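Each remark here refers to the structure printed beneath this line.
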Amino acid sequence: MRFAAEPVGRRERNKQQKLDRITAAAGELFAEYGVDEVTTQQIADRADVGTGTVFLYVKTKGELLLLVQNAHYTASLDRGRRAAEHVPDVLEAVMTIIRSIVECNRTQIDNGRTYLREMVFGNPDEPHHRDALAIVAQTEEAIAAVLRRDEGVTAADAATLAHIVSAVMFLTMASTINVARTVDEIVTDIRGQVAVLLSRARG
């Protein structure tokens, strides 16, 4: 007796549903315990899938963290970008974008620092890593768009400045010395550095 093959559409929906369950389970467990304290088996159990199924979607727990956090960072960037549209001052508009990302990164400090480490040192051929790097590029473009409001700043200079501002932000968030600092303290630190950078650029 020959059985009909499962329709492609249904198969893809089933795969997406499993991925959604795995992502949700990982997100919940990472938020509760921190990525270092969570096992792949715990994630599989909460998602109601086999451990092997988890590894069909991600090769490492670090990649799973990227998958979870990329969605949060994208949403935070979108919120910051929309809010910055209503802030006339260039520096304050840039900081509006930055604050949104810092708040996302500091929701769970260990997870946030691990995410940055995976983003910098992870496998660039891995799709979730590529997505993380794309978020960095989108962040720089959002900052550059704000900087281009200043008629004295060329598009090329805006892109270069945005790249530096992005580096300052990510380095400040990742720095071990800042582990115990609050969001406000980190944002204030970044603001001081960005203010000097922009004043030199205008001068």
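Each chain in the structure tokens gets a letter, A, B, ..., in the order shown, and its residues are numbered from 1; ligands are numbered from 1 in order too.
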
12 Å contact set for segment 50-64 of chain A, only C-alpha atoms, chain neighbours under 3 positions out, as an MDAnalysis selection string: chainID A and resid 15:16 18:27 29:30 34:47 67:71 111:132

Contact residues around Ala201 of chain A with only C-alpha atoms at 10 Å, ignoring same-chain residues under 5 positions, as a ChimeraX atom specification: /A:152-153,157-158,161,195-196

Residue nearest His72 of chain A - candidates A:Arg106, A:Arg191, A:Arg181, A:Arg148, atoms counted: only C-alpha atoms: A:Arg106

Exercise: Thr96 of chain A partners within 10 Å, only C-alpha atoms, chain neighbours under 3 positions left out, as a PyMOL selection string: chain A and resi 77+79-87+90-93+99-101+143+187

Alpha helix (DSSP H) call set, DSSP backbone run, segment 27-69 of chain A, as a PyMOL selection string: chain A and resi 27-33+40-47+51-57+61-69

Could you take the residues named above and write them with N, CA, C and O atoms, as a short mmCIF file (atom, residue, chain, number, x, y, z; two decimals), in the first residue's frame?
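Final file, out34.cif:
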```cif
data_model
loop_
_atom_site.label_atom_id
_atom_site.label_comp_id
_atom_site.auth_asym_id
_atom_site.auth_seq_id
_atom_site.Cartn_x
_atom_site.Cartn_y
_atom_site.Cartn_z
N GLY A 27 14.07 30.88 24.67
CA GLY A 27 13.94 32.25 25.17
C GLY A 27 13.49 32.30 26.62
O GLY A 27 14.03 33.06 27.44
N GLU A 28 12.52 31.45 26.95
CA GLU A 28 12.02 31.41 28.33
C GLU A 28 13.09 30.92 29.30
O GLU A 28 13.31 31.51 30.36
N LEU A 29 13.76 29.83 28.92
CA LEU A 29 14.78 29.26 29.81
C LEU A 29 15.99 30.17 29.94
O LEU A 29 16.54 30.32 31.04
N PHE A 30 16.43 30.78 28.84
CA PHE A 30 17.56 31.70 28.91
C PHE A 30 17.23 32.88 29.82
O PHE A 30 18.08 33.36 30.57
N ALA A 31 15.99 33.37 29.71
CA ALA A 31 15.58 34.52 30.54
C ALA A 31 15.51 34.13 32.01
O ALA A 31 15.85 34.93 32.89
N GLU A 32 15.09 32.91 32.28
CA GLU A 32 14.93 32.45 33.68
C GLU A 32 16.28 32.14 34.33
O GLU A 32 16.51 32.50 35.49
N TYR A 33 17.17 31.46 33.60
CA TYR A 33 18.37 30.91 34.23
C TYR A 33 19.68 31.43 33.65
O TYR A 33 20.73 31.24 34.26
N THR A 40 20.71 21.84 26.40
CA THR A 40 19.93 21.58 25.19
C THR A 40 18.77 20.63 25.49
O THR A 40 17.68 20.77 24.93
N GLN A 41 18.99 19.67 26.39
CA GLN A 41 17.93 18.73 26.77
C GLN A 41 16.76 19.46 27.42
O GLN A 41 15.59 19.14 27.15
N GLN A 42 17.04 20.44 28.27
CA GLN A 42 15.97 21.21 28.90
C GLN A 42 15.16 21.96 27.85
O GLN A 42 13.93 22.05 27.95
N ILE A 43 15.84 22.51 26.88
CA ILE A 43 15.15 23.24 25.81
C ILE A 43 14.26 22.29 25.02
O ILE A 43 13.10 22.59 24.73
N ALA A 44 14.81 21.12 24.68
CA ALA A 44 14.04 20.13 23.92
C ALA A 44 12.82 19.67 24.70
O ALA A 44 11.71 19.55 24.15
N ASP A 45 13.00 19.44 26.01
CA ASP A 45 11.88 18.99 26.84
C ASP A 45 10.77 20.03 26.89
O ASP A 45 9.59 19.70 26.75
N ARG A 46 11.15 21.30 27.07
CA ARG A 46 10.12 22.34 27.16
C ARG A 46 9.44 22.56 25.81
O ARG A 46 8.24 22.87 25.77
N ALA A 47 10.18 22.39 24.73
CA ALA A 47 9.60 22.56 23.39
C ALA A 47 8.84 21.33 22.93
O ALA A 47 8.18 21.36 21.88
N THR A 51 15.98 16.01 21.33
CA THR A 51 17.22 16.78 21.28
C THR A 51 17.77 16.84 19.86
O THR A 51 18.27 17.87 19.41
N GLY A 52 17.63 15.73 19.13
CA GLY A 52 18.10 15.70 17.75
C GLY A 52 17.38 16.71 16.88
O GLY A 52 17.98 17.28 15.96
N THR A 53 16.11 16.94 17.19
CA THR A 53 15.35 17.92 16.42
C THR A 53 15.90 19.33 16.62
O THR A 53 15.98 20.12 15.67
N VAL A 54 16.31 19.62 17.85
CA VAL A 54 16.91 20.94 18.12
C VAL A 54 18.13 21.14 17.23
O VAL A 54 18.32 22.21 16.62
N PHE A 55 18.94 20.10 17.11
CA PHE A 55 20.18 20.22 16.34
C PHE A 55 19.95 20.23 14.83
O PHE A 55 20.89 20.48 14.07
N LEU A 56 18.72 19.96 14.41
CA LEU A 56 18.40 20.14 12.99
C LEU A 56 18.34 21.62 12.64
O LEU A 56 18.54 22.00 11.48
N TYR A 57 18.06 22.45 13.65
CA TYR A 57 17.89 23.89 13.42
C TYR A 57 19.12 24.70 13.82
O TYR A 57 19.41 25.73 13.21
N LYS A 61 24.47 25.76 21.25
CA LYS A 61 23.61 26.58 22.11
C LYS A 61 23.84 28.07 21.82
O LYS A 61 22.91 28.88 21.93
N GLY A 62 25.07 28.42 21.43
CA GLY A 62 25.36 29.80 21.08
C GLY A 62 24.55 30.26 19.88
O GLY A 62 24.05 31.39 19.85
N GLU A 63 24.40 29.38 18.90
CA GLU A 63 23.60 29.71 17.73
C GLU A 63 22.13 29.87 18.11
O GLU A 63 21.42 30.72 17.57
N LEU A 64 21.69 29.05 19.07
CA LEU A 64 20.32 29.17 19.54
C LEU A 64 20.10 30.50 20.25
O LEU A 64 19.04 31.14 20.08
N LEU A 65 21.08 30.96 20.99
CA LEU A 65 20.98 32.27 21.63
C LEU A 65 20.88 33.36 20.57
O LEU A 65 20.10 34.30 20.71
N LEU A 66 21.68 33.24 19.51
CA LEU A 66 21.60 34.21 18.42
C LEU A 66 20.20 34.24 17.82
O LEU A 66 19.63 35.30 17.57
N LEU A 67 19.63 33.05 17.60
CA LEU A 67 18.29 32.95 17.04
C LEU A 67 17.28 33.67 17.93
O LEU A 67 16.44 34.44 17.44
N VAL A 68 17.38 33.45 19.23
CA VAL A 68 16.45 34.06 20.17
C VAL A 68 16.65 35.57 20.24
O VAL A 68 15.70 36.36 20.13
N GLN A 69 17.90 35.98 20.40
CA GLN A 69 18.19 37.39 20.63
C GLN A 69 18.05 38.25 19.38
O GLN A 69 17.72 39.44 19.48
#
```

Per residue of segment 44-156 of chain A within 9 Å of segment 164-168 of chain A, record the nearest atom pair and its distance in Å to one decimal, counting only C-alpha atoms, with rows in chain order and ascending residue number, as JSON lines.
```
{"residue": "A:Ile98", "atom": "CA", "partner": "A:Ser166", "partner_atom": "CA", "distance": 8.6}
{"residue": "A:Val136", "atom": "CA", "partner": "A:Ser166", "partner_atom": "CA", "distance": 7.6}
{"residue": "A:Thr139", "atom": "CA", "partner": "A:Ser166", "partner_atom": "CA", "distance": 7.4}
{"residue": "A:Glu140", "atom": "CA", "partner": "A:Ser166", "partner_atom": "CA", "distance": 6.2}
{"residue": "A:Ile143", "atom": "CA", "partner": "A:Val165", "partner_atom": "CA", "distance": 8.2}
```

Using only C-alpha atoms: which of A:Asp110, A:Gln193, A:Ala144, A:Ala155 has the shortest distance to Thr176 of chain A: A:Asp110
